[in-house]
Amino acid sequence: MTHSSPRRALLATAAVLALGALHTPAALAQAAGAYPAKAITFVVPFAAGSATDQLARALGQSITNDTKQPVVIDNKAGASGMIAASAVAKSAADGYSVLITTNTTHAANEHLYKKLSYDPVKDFAPVTGLGKGGQVLVVNASAPYKNVGELLAFAKKNPGKLSFGSGSSSSRMAGEMLKQLAAVDILHVPYKSNPLAITDLLGGQIDLMITDTSTGVPQVKAGKLRALGYSTQKRSTQLPDVPTIDEAGVKGYDMGYWFAAYVPANTPAPVVARLNELLTAATKSAAAKSFYDNAGSEAWTTTPDELAKFQAAETQKWGKVIKAAGIEAE
C-alpha cells in the first residue's frame, strides 16, 4: 500500500493534466477545425416569412452548401424576441445554437422591459453583423391617404382614431418616432411579428404600420397596400418614387434596423471565428444577395469585437429614442 500510493498520485495527476489538455488553445482549435460536425440550429425570434426568417434561411442554405451540414431554422416568435434569445442563452456553448436576430433583442428590449429573461451582453458572444435596412410606411390601398401629409392631417384632426401595428421593436419605434416628431396621437397595436400585423392591415383591423420592406413591398407591388414614406434618410432602391418620411415633412425622421448573429457566452473563440467566417461568406451568396435586393437592405459584416461595440452604441441610441417617446418599461 505504501509503495502504491505515490503511483496512484502520479496517475491521478496525469489524468488531471490530460483533461486539462483537452481545453488548451490547440485542442480548442482542433475542435473548431471539425466544426460544424453536425446540424446547426438557427434560432429566429420572429415568425416564418419575416425578414429575419428569410435572411436566416438564405444564410443557412449557403452554410449547408459550404459545409455539407444541415442548418435547421427554429422560429421561436413572441415576447418581443425574448423566447428565442432566452433559449439560445441557455443552450450549450458549442456553436450549434445560433441566434439570428435584430436590434429588438440586443438593443431595444432592455429599455422596453423592466425584467428580461436574458442579458443581451453577458449571456452572448457576438459573432458578426449580417445586414442593415430601412422600413416603409404603408396603409391599405383603399385608404383615402395618398401621402404622409394627408395621413398626419387626419391624425391631428382625429386624435386616437388611427391605429398602427408592429411586430418588432424596430417597427414599434418607427411608429412611436412618427407620433413624437409629428405630434400626433395614434394607437399602438402589438403583434408577434410583422407579417401578422400586415394581415390585419390588409383586413382593415388597423390603419397603418411601418414595416420592413421584405414584408411590406410585395404587398405594395401587388396593389394591396400603398407606400407613403420610407424610414431612413435615403430612399429605397425598391421604391424610388416613394419619398422618405423626412422628405415628406417629418423633419429629422430616421429609423432603420439591423441583423446580427450571436451564440451563447463562453463558446470557444475558434468556433466563433469559424462561424464568423461561414456567415461572412454566406452574406455574399446568391441566396443572400437575392434577399438583400428584395428586402431593400444591404449586407453588413463585422468582427465579433466590432459587433460588441456597435451593439453598445445602438443600445444607448435606442434608449434615448424610447425615453424621448415617453414609453414606460413594461
# chains A, B, ... in the order shown; residues from 1 in each chain; ligands from 1
>>> select_by_dssp(residues="range 190-282 of chain A", states="alpha helix (DSSP H)", output="JSON, numbers by chain")
{"A": [194, 195, 196, 197, 198, 199, 200, 201, 202, 203, 213, 214, 215, 216, 217, 218, 219, 220, 221, 269, 270, 271, 272, 273, 274, 275, 276, 277, 278, 279, 280, 281, 282]}
>>> closest_atom_pairs(of="range 66-119 of chain A", to="range 185-200 of chain A", cutoff="8 Å", atoms="only C-alpha atoms", output="JSON lines")
{"residue": "A:Ala77", "atom": "CA", "partner": "A:Lys192", "partner_atom": "CA", "distance": 6.4}
{"residue": "A:Gly78", "atom": "CA", "partner": "A:Lys192", "partner_atom": "CA", "distance": 5.0}
{"residue": "A:Ala79", "atom": "CA", "partner": "A:Lys192", "partner_atom": "CA", "distance": 7.2}
{"residue": "A:Ser80", "atom": "CA", "partner": "A:Lys192", "partner_atom": "CA", "distance": 7.1}
>>> select_by_dssp(residues="range 198-298 of chain A", states="strand (DSSP E)", output="MDAnalysis selection string")
chainID A and resid 208:212 225:230 257:264 298
>>> closest_atom_pairs(of="range 122-221 of chain A", to="range 276-289 of chain A", cutoff="10 Å", atoms="only C-alpha atoms", output="Markdown table")
| residue | atom | partner | partner_atom | distance |
| --- | --- | --- | --- | --- |
| A:Pro126 | CA | A:Asn276 | CA | 9.3 |
| A:Val127 | CA | A:Asn276 | CA | 5.5 |
| A:Thr128 | CA | A:Asn276 | CA | 5.9 |
| A:Gly129 | CA | A:Thr280 | CA | 8.7 |
| A:Leu130 | CA | A:Thr283 | CA | 7.0 |
| A:Gly131 | CA | A:Thr283 | CA | 8.4 |
>>> write_last_selection(atoms="all heavy atoms", output="compact mmCIF listing (two decimals), in the first residue's frame")
# COMPACT_ATOMS: atom_id res chain seq x y z
N PRO A 126 -20.86 37.80 -29.33
CA PRO A 126 -21.17 38.32 -30.67
C PRO A 126 -20.40 37.55 -31.73
O PRO A 126 -19.26 37.14 -31.51
CB PRO A 126 -20.69 39.78 -30.60
CG PRO A 126 -20.53 40.08 -29.13
CD PRO A 126 -20.16 38.78 -28.49
N VAL A 127 -21.04 37.35 -32.89
CA VAL A 127 -20.37 36.66 -33.99
C VAL A 127 -20.10 37.64 -35.14
O VAL A 127 -18.95 37.91 -35.49
CB VAL A 127 -21.20 35.47 -34.49
CG1 VAL A 127 -20.47 34.76 -35.65
CG2 VAL A 127 -21.44 34.48 -33.36
N THR A 128 -21.16 38.19 -35.72
CA THR A 128 -21.00 39.15 -36.81
C THR A 128 -22.31 39.88 -37.08
O THR A 128 -23.38 39.34 -36.81
CB THR A 128 -20.54 38.47 -38.12
OG1 THR A 128 -20.41 39.47 -39.16
CG2 THR A 128 -21.52 37.43 -38.59
N GLY A 129 -22.20 41.08 -37.60
CA GLY A 129 -23.37 41.75 -38.16
C GLY A 129 -23.74 41.03 -39.44
O GLY A 129 -22.90 40.35 -40.05
N LEU A 130 -25.00 41.16 -39.85
CA LEU A 130 -25.45 40.44 -41.04
C LEU A 130 -26.11 41.34 -42.09
O LEU A 130 -26.16 41.00 -43.26
CB LEU A 130 -26.44 39.33 -40.65
CG LEU A 130 -25.89 38.22 -39.75
CD1 LEU A 130 -27.02 37.32 -39.29
CD2 LEU A 130 -24.83 37.42 -40.50
N GLY A 131 -26.63 42.48 -41.66
CA GLY A 131 -27.28 43.35 -42.63
C GLY A 131 -27.94 44.56 -41.98
O GLY A 131 -28.15 44.58 -40.77
>>> residues_around(residues="Ala37 in chain A", least_positions_apart="5", cutoff="12 Å", atoms="only C-alpha atoms", output="short mmCIF file (atom, residue, chain, number, x, y, z; two decimals) with all heavy atoms, in the first residue's frame")
data_model
loop_
_atom_site.label_atom_id
_atom_site.label_comp_id
_atom_site.auth_asym_id
_atom_site.auth_seq_id
_atom_site.Cartn_x
_atom_site.Cartn_y
_atom_site.Cartn_z
N ALA A 31 -10.80 21.27 -32.28
CA ALA A 31 -12.25 21.05 -32.23
C ALA A 31 -12.95 21.97 -33.21
O ALA A 31 -13.90 21.57 -33.90
CB ALA A 31 -12.76 21.30 -30.80
N ALA A 32 -12.51 23.22 -33.28
CA ALA A 32 -13.11 24.17 -34.21
C ALA A 32 -12.87 23.75 -35.65
O ALA A 32 -13.69 24.00 -36.54
CB ALA A 32 -12.55 25.57 -33.97
N THR A 64 -24.88 25.30 -45.54
CA THR A 64 -25.07 23.89 -45.88
C THR A 64 -24.29 23.53 -47.14
O THR A 64 -23.64 22.48 -47.21
CB THR A 64 -26.56 23.57 -46.08
OG1 THR A 64 -27.25 23.74 -44.83
CG2 THR A 64 -26.77 22.15 -46.57
N THR A 67 -20.50 23.48 -46.05
CA THR A 67 -20.04 22.51 -45.05
C THR A 67 -20.65 21.12 -45.19
O THR A 67 -20.21 20.18 -44.53
CB THR A 67 -20.38 23.02 -43.63
OG1 THR A 67 -21.82 23.04 -43.47
CG2 THR A 67 -19.82 24.42 -43.40
N LYS A 68 -21.70 21.01 -46.02
CA LYS A 68 -22.44 19.75 -46.18
C LYS A 68 -23.17 19.33 -44.91
O LYS A 68 -23.62 18.18 -44.78
CB LYS A 68 -21.51 18.61 -46.64
CG LYS A 68 -20.63 18.96 -47.83
CD LYS A 68 -21.43 19.52 -48.98
CE LYS A 68 -20.51 19.93 -50.15
NZ LYS A 68 -21.25 20.66 -51.21
N GLN A 69 -23.30 20.28 -43.98
CA GLN A 69 -24.08 20.02 -42.77
C GLN A 69 -25.40 20.78 -42.84
O GLN A 69 -25.43 21.93 -43.28
CB GLN A 69 -23.30 20.46 -41.51
CG GLN A 69 -22.02 19.69 -41.25
CD GLN A 69 -22.29 18.24 -40.85
OE1 GLN A 69 -23.43 17.86 -40.56
NE2 GLN A 69 -21.24 17.42 -40.84
N PRO A 70 -26.50 20.18 -42.40
CA PRO A 70 -27.79 20.87 -42.46
C PRO A 70 -27.85 22.04 -41.47
O PRO A 70 -27.20 22.02 -40.42
CB PRO A 70 -28.79 19.78 -42.08
CG PRO A 70 -28.00 18.78 -41.31
CD PRO A 70 -26.62 18.80 -41.87
N VAL A 71 -28.63 23.05 -41.84
CA VAL A 71 -28.92 24.16 -40.94
C VAL A 71 -30.43 24.16 -40.72
O VAL A 71 -31.20 24.30 -41.67
CB VAL A 71 -28.46 25.51 -41.51
CG1 VAL A 71 -28.93 26.65 -40.60
CG2 VAL A 71 -26.94 25.53 -41.67
N ASP A 94 -21.47 25.62 -27.78
CA ASP A 94 -20.65 24.82 -28.69
C ASP A 94 -20.76 25.25 -30.15
O ASP A 94 -20.21 24.60 -31.04
CB ASP A 94 -21.02 23.34 -28.56
CG ASP A 94 -22.53 23.08 -28.78
OD1 ASP A 94 -23.23 24.02 -29.22
OD2 ASP A 94 -22.97 21.94 -28.53
N GLY A 95 -21.52 26.33 -30.41
CA GLY A 95 -21.64 26.83 -31.77
C GLY A 95 -22.76 26.20 -32.58
O GLY A 95 -22.94 26.55 -33.75
N TYR A 96 -23.54 25.31 -31.97
CA TYR A 96 -24.60 24.64 -32.73
C TYR A 96 -25.98 25.25 -32.50
O TYR A 96 -26.96 24.81 -33.10
CB TYR A 96 -24.61 23.15 -32.41
CG TYR A 96 -23.39 22.45 -32.98
CD1 TYR A 96 -22.29 22.16 -32.19
CD2 TYR A 96 -23.33 22.15 -34.34
CE1 TYR A 96 -21.16 21.56 -32.72
CE2 TYR A 96 -22.20 21.55 -34.88
CZ TYR A 96 -21.12 21.26 -34.08
OH TYR A 96 -20.01 20.68 -34.62
N VAL A 271 -14.36 28.48 -32.44
CA VAL A 271 -15.66 28.14 -33.02
C VAL A 271 -16.37 29.42 -33.47
O VAL A 271 -16.96 29.47 -34.56
CB VAL A 271 -16.53 27.36 -32.01
CG1 VAL A 271 -17.95 27.19 -32.55
CG2 VAL A 271 -15.91 26.01 -31.71
#
>>> closest_residue(among="A:Thr102, A:Ser168, A:Thr52, A:Ser231", to="Thr315 in chain A", atoms="only C-alpha atoms")
A:Thr102
>>> closest_residue(among="A:Val250, A:Leu178, A:Ile73, A:Ala125", to="Phe46 in chain A", atoms="only C-alpha atoms")
A:Ile73
>>> closest_residue(among="A:Lys146, A:Arg235, A:Arg172, A:Lys38", to="Ala108 in chain A", atoms="only C-alpha atoms")
A:Arg172
>>> closest_atom_pairs(of="range 116-139 of chain A", to="range 148-160 of chain A", cutoff="12 Å", atoms="only C-alpha atoms", output="CSV")
residue,atom,partner,partner_atom,distance
A:Val136,CA,A:Val148,CA,11.5
A:Leu137,CA,A:Val148,CA,8.6
A:Val138,CA,A:Val148,CA,9.7
A:Val139,CA,A:Leu151,CA,9.3
>>> atom_distance(atom1="CA of Tyr262 in chain A", atom2="CA of Val98 in chain A")
5.9 Å
